[in-house]
Each structure stands twice: as structure tokens, then as C-alpha cells.
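As stored in input_23.cif (mmCIF, C-alpha atoms (C1' of nucleotides)):
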```cif
data_entry
loop_
_atom_site.label_atom_id
_atom_site.label_comp_id
_atom_site.auth_asym_id
_atom_site.auth_seq_id
_atom_site.Cartn_x
_atom_site.Cartn_y
_atom_site.Cartn_z
CA MET A 1416 -92.90 46.81 -30.86
CA SER A 1417 -90.04 48.87 -29.62
CA PHE A 1418 -88.30 51.73 -31.29
CA ALA A 1419 -85.49 49.34 -32.13
CA ASP A 1420 -87.89 46.86 -33.70
CA GLU A 1421 -89.12 49.49 -36.08
CA VAL A 1422 -85.56 50.33 -36.98
CA TYR A 1423 -84.83 46.75 -37.90
CA LYS A 1424 -88.05 46.45 -39.83
CA VAL A 1425 -87.05 49.31 -42.07
CA LEU A 1426 -83.50 48.08 -42.23
CA LYS A 1427 -84.58 44.68 -43.46
CA ASP A 1428 -86.32 46.43 -46.31
CA VAL A 1429 -83.00 47.60 -47.66
CA PRO A 1430 -81.97 45.44 -50.64
CA MET A 1431 -78.61 43.75 -50.82
CA GLY A 1432 -75.83 45.72 -52.40
CA LYS A 1433 -77.35 48.94 -51.14
CA VAL A 1434 -76.87 51.02 -48.05
CA THR A 1435 -79.04 53.36 -46.06
CA THR A 1436 -78.40 56.10 -43.57
CA TYR A 1437 -79.39 56.75 -40.01
CA LYS A 1438 -81.27 59.73 -41.23
CA ALA A 1439 -83.30 57.73 -43.74
CA LEU A 1440 -84.22 55.24 -41.04
CA GLY A 1441 -85.17 57.97 -38.63
CA GLU A 1442 -87.31 59.70 -41.21
CA LYS A 1443 -89.12 56.47 -41.98
CA LEU A 1444 -89.78 55.98 -38.32
CA GLY A 1445 -91.05 59.51 -38.13
CA THR A 1446 -88.38 60.59 -35.71
CA LYS A 1447 -85.48 62.96 -35.81
CA ALA A 1448 -83.45 61.20 -33.17
CA TYR A 1449 -80.94 59.65 -35.50
CA ARG A 1450 -78.71 58.91 -32.58
CA ALA A 1451 -81.38 56.73 -31.11
CA VAL A 1452 -81.27 54.72 -34.33
CA GLY A 1453 -77.58 54.11 -33.79
CA GLN A 1454 -78.26 53.07 -30.23
CA ALA A 1455 -80.71 50.50 -31.51
CA LEU A 1456 -78.33 49.21 -34.13
CA LYS A 1457 -75.43 48.66 -31.82
CA ASN A 1458 -77.79 46.67 -29.68
CA ASN A 1459 -78.36 44.54 -32.75
CA PRO A 1460 -80.48 41.71 -31.34
CA TYR A 1461 -81.57 40.79 -34.86
CA ALA A 1462 -77.97 40.31 -35.96
CA PRO A 1463 -78.38 38.57 -39.35
CA GLU A 1464 -81.74 40.12 -40.06
CA ALA A 1465 -80.58 43.59 -39.23
CA PRO A 1466 -77.57 44.38 -41.40
CA CYS A 1467 -76.25 47.20 -39.27
CA HIS A 1468 -73.18 47.26 -41.48
CA ARG A 1469 -75.49 48.38 -44.26
CA VAL A 1470 -76.25 51.55 -42.36
CA VAL A 1471 -73.83 54.41 -42.81
CA ARG A 1472 -73.60 58.06 -42.09
CA SER A 1473 -75.31 60.63 -44.24
CA ASP A 1474 -72.06 61.72 -45.86
CA GLY A 1475 -71.16 58.20 -46.87
CA SER A 1476 -68.68 57.43 -44.14
CA ILE A 1477 -69.03 54.11 -42.40
CA GLY A 1478 -69.69 55.51 -38.98
CA GLY A 1479 -68.39 55.08 -35.48
CA PHE A 1480 -67.55 51.43 -35.92
CA MET A 1481 -64.14 52.18 -37.31
CA GLY A 1482 -60.92 53.83 -36.34
CA LYS A 1483 -61.27 53.23 -32.65
CA ILE A 1484 -62.72 49.78 -32.52
CA GLU A 1485 -60.90 48.33 -35.47
CA GLY A 1486 -59.93 44.73 -35.02
CA THR A 1487 -63.34 43.79 -33.76
CA GLU A 1488 -66.28 42.10 -35.40
CA ILE A 1489 -66.98 45.34 -37.15
CA GLU A 1490 -64.34 45.01 -39.80
CA ARG A 1491 -65.98 41.78 -40.88
CA LYS A 1492 -69.15 43.72 -41.59
CA ILE A 1493 -67.22 45.91 -43.94
CA ALA A 1494 -66.13 42.78 -45.78
CA ILE A 1495 -69.76 41.76 -46.01
CA LEU A 1496 -70.58 45.06 -47.63
CA GLU A 1497 -67.95 44.52 -50.28
CA SER A 1498 -69.25 41.02 -50.72
CA GLU A 1499 -72.62 42.53 -51.50
CA GLY A 1500 -71.14 44.82 -54.09
CA VAL A 1501 -70.52 47.83 -51.88
CA THR A 1502 -67.00 49.16 -52.04
CA VAL A 1503 -65.50 50.72 -48.94
CA VAL A 1504 -62.27 52.65 -49.05
CA GLY A 1505 -60.74 54.52 -46.16
CA GLY A 1506 -63.89 54.05 -44.12
CA ARG A 1507 -65.90 55.69 -46.87
CA ILE A 1508 -68.50 54.21 -49.20
CA VAL A 1509 -67.62 54.39 -52.88
CA ASP A 1510 -70.43 55.61 -55.15
CA PHE A 1511 -72.40 56.14 -52.00
CA ASN A 1512 -75.09 58.14 -53.75
CA LYS A 1513 -75.59 55.38 -56.31
CA ILE A 1514 -76.12 52.57 -53.86
CA LEU A 1515 -77.97 54.62 -51.31
CA PHE A 1516 -81.39 53.23 -50.55
CA GLU A 1517 -83.86 55.76 -49.22
CA GLY A 1518 -86.99 53.70 -49.65
"C1'" DA B 1326 -82.91 62.33 -12.88
"C1'" DG B 1327 -78.68 62.92 -15.52
"C1'" DA B 1328 -75.16 61.80 -18.81
"C1'" DG B 1329 -74.10 59.43 -23.05
"C1'" DC B 1330 -74.63 57.71 -27.75
"C1'" DA B 1331 -72.70 53.80 -34.14
"C1'" DC B 1332 -76.26 61.21 -35.96
"C1'" DT B 1333 -77.41 65.44 -38.41
"C1'" DG B 1334 -78.10 70.33 -39.75
"C1'" DA B 1335 -76.95 74.71 -38.74
"C1'" DT B 1336 -73.71 78.19 -36.92
"C1'" DC B 1337 -69.23 80.02 -35.92
"C1'" DC B 1338 -64.69 80.80 -36.81
"C1'" DG C 864 -63.55 74.03 -44.72
"C1'" DG C 865 -63.07 72.45 -39.97
"C1'" DA C 866 -64.88 72.97 -35.17
"C1'" DT C 867 -68.84 73.73 -32.15
"C1'" DC C 868 -73.91 73.89 -30.68
"C1'" DA C 869 -78.42 72.44 -30.37
"C1'" DG C 870 -82.05 68.90 -31.17
"C1'" DT C 871 -83.63 64.34 -30.87
"C1'" DG C 872 -85.13 59.72 -28.57
"C1'" DC C 873 -83.54 55.81 -26.11
"C1'" DT C 874 -80.26 53.29 -22.75
"C1'" DC C 875 -77.38 52.98 -18.76
"C1'" DT C 876 -75.95 54.72 -14.18
#
```

Represent the structure from my file as C-alpha cells, please.
Amino acid sequence: MSFADEVYKVLKDVPMGKVTTYKALGEKLGTKAYRAVGQALKNNPYAPEAPCHRVVRSDGSIGGFMGKIEGTEIERKIAILESEGVTVVGGRIVDFNKILFEG
DNA sequence: AGAGCACTGATCC
DNA sequence: GGATCAGTGCTCT
């Protein structure tokens, strides 16, 4: 088990239509290195199992996969979120606090 | 070994 | 209320 594996394990526990934050994942893993969580997510070896698009920043913004890398596979993940019932506007989650899953 | 990163909370203006 | 600093753990050079 690697650090990344634990991240995905927690991530898979997030129900559809909900989102979680890097912080929540880090806390569950018992670490404070939230950046390391992001590192693991961008690696994303468990692509369909690890819904990295379902992970957002603590303030509800989508995260680094927008604005500078738009036009990549990332934007499709945003569409997936909306498909799951999560609304994203201007790179920000709508009703973020209501769909936030903290386990 | 050193810099960087898909972050966050706390300071500093 | 925005910009900057420090902390954190892992990956790449």
C-alpha cells in the first residue's frame, strides 16, 4: 500500500453526487500534507475507480485543473460532476457545503 | 539532496 | 479582502 493507494481507497468511499476535499482526504489518511494528496490524484492510476474530479479545494473551487489546462481531459471531468448532480459554475462548486462528503 | 506540486491555515498588508 | 509564508509528504531531477 502506498500513500496514493490510501488516497484512492478513501476517495472511492465518496458517494456519487458528492464531493470531497484534499483536506478531508488528508485527515482521513492521518496526514497534513494535502499537497501530497494532489500529487497522488494527478497520478491517477485508478482512473475510473478514483474520481479525482470529485475532489475539490476546501473553499469549493475546482482546483488546479482549470484555467491553465482547459481544453484537456479535465473539462470532461467537470461534465461528469454535473452528470452526477454536482453543479459547477465558474470553476466553483454550487452548494458545495451541501454536497460535501467528509466521511 | 533539492526543487516542485491538482493544498491549507495563518499572517501581513 | 487579497497577497505572502510556513508546514506537510511524496515525486521528479

**Prompt:** Near chain B, which residues of chain A fall within 9 Å when you count all atoms listed in the file, and what do they look like as a PyMOL selection string?
**Reply:** chain A and resi 1437-1438+1447-1454+1456-1457+1471-1473+1478-1480

**Prompt:** For Asn1459 of chain A, which of A:Asp1420, A:Asp1474, A:Glu1517, A:Glu1499 is the closest residue, counting only C-alpha atoms?
**Reply:**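 Result for the nearest residue to Asn1459 of chain A: A:Asp1420.
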
**Fill in**
One residue among A:Lys1513, A:Cys1467, A:Val1422, A:Ile1477 is nearest to Gly1445 of chain A when using only C-alpha atoms, and that residue is A:Val1422

Run the PyMOL selection byres ((chain C) within 6 of (chain A)) mentally over the shown coordinates, then write out the matched residues as a PDB file with C-alpha atoms (C1' of nucleotides), keeping the file's coordinate frame, using the chain letters and numbers from the document.
```pdb
ATOM      1  C1'  DT C 871     -83.630  64.340 -30.870  1.00  0.00           C
ATOM      2  C1'  DG C 872     -85.130  59.720 -28.570  1.00  0.00           C
ATOM      3  C1'  DC C 873     -83.540  55.810 -26.110  1.00  0.00           C
TER       4       DC C 873
END
```

**Request:** Rounded to one decimal place, report the atom CA of Glu1490 of chain A-atom CA of Val1470 of chain A distance in Å.
**Result:**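 Between atom CA of Glu1490 of chain A and atom CA of Val1470 of chain A the gap is 13.8 Å.
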
**Message:** Would you compute the distance between atom CA of Ser1476 of chain A and atom CA of Gly1518 of chain A? Give it in Å to one decimal.
**Reply:**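 Computing it gives 19.5 Å between the two atoms.
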
**Request:** Name the residues that the PyMOL selection byres ((chain A and resi 1466) around 9) pulls out of this structure, and write them as a VMD selection string.
**Result:** chain A and resid 1423 1426 to 1427 1429 1456 1459 1461 to 1465 1467 to 1470 1492

**Prompt:** Interatomic distance between atom CA of Ile1493 of chain A and atom CA of Met1416 of chain A?
**Reply:** 28.8 Å

**Request:** Using all atoms listed in the file, give me every residue within 10 Å of (-69.4, 49.4, -51.1) in file coordinates, as a ChimeraX atom specification.
**Result:** /A:1432-1434,1469,1475,1477,1493-1504,1507-1511,1514

Take the selection from the previous step and output its residues with C-alpha atoms, as a short mmCIF file (atom, residue, chain, number, x, y, z; two decimals), in the coordinates of the input.
```cif
data_model
loop_
_atom_site.label_atom_id
_atom_site.label_comp_id
_atom_site.auth_asym_id
_atom_site.auth_seq_id
_atom_site.Cartn_x
_atom_site.Cartn_y
_atom_site.Cartn_z
CA GLY A 1432 -75.83 45.72 -52.40
CA LYS A 1433 -77.35 48.94 -51.14
CA VAL A 1434 -76.87 51.02 -48.05
CA ARG A 1469 -75.49 48.38 -44.26
CA GLY A 1475 -71.16 58.20 -46.87
CA ILE A 1477 -69.03 54.11 -42.40
CA ILE A 1493 -67.22 45.91 -43.94
CA ALA A 1494 -66.13 42.78 -45.78
CA ILE A 1495 -69.76 41.76 -46.01
CA LEU A 1496 -70.58 45.06 -47.63
CA GLU A 1497 -67.95 44.52 -50.28
CA SER A 1498 -69.25 41.02 -50.72
CA GLU A 1499 -72.62 42.53 -51.50
CA GLY A 1500 -71.14 44.82 -54.09
CA VAL A 1501 -70.52 47.83 -51.88
CA THR A 1502 -67.00 49.16 -52.04
CA VAL A 1503 -65.50 50.72 -48.94
CA VAL A 1504 -62.27 52.65 -49.05
CA ARG A 1507 -65.90 55.69 -46.87
CA ILE A 1508 -68.50 54.21 -49.20
CA VAL A 1509 -67.62 54.39 -52.88
CA ASP A 1510 -70.43 55.61 -55.15
CA PHE A 1511 -72.40 56.14 -52.00
CA ILE A 1514 -76.12 52.57 -53.86
#
```

Segment 865-868 of chain C, all listed atoms, 4 Å padding on each side: what axis-aligned box centre and edge lengths in Å to one decimal come out, as lines of an AutoDock Vina configuration file?
```
center_x = -68.5
center_y = 73.2
center_z = -35.3
size_x = 18.8
size_y = 9.4
size_z = 17.3
```

**Fill in**
The residue from A:Leu1444, A:Leu1515, A:Gly1506, A:Thr1435 with the smallest atom-to-atom distance to Ser1417 of chain A, counting all atoms listed in the file, is A:Leu1444
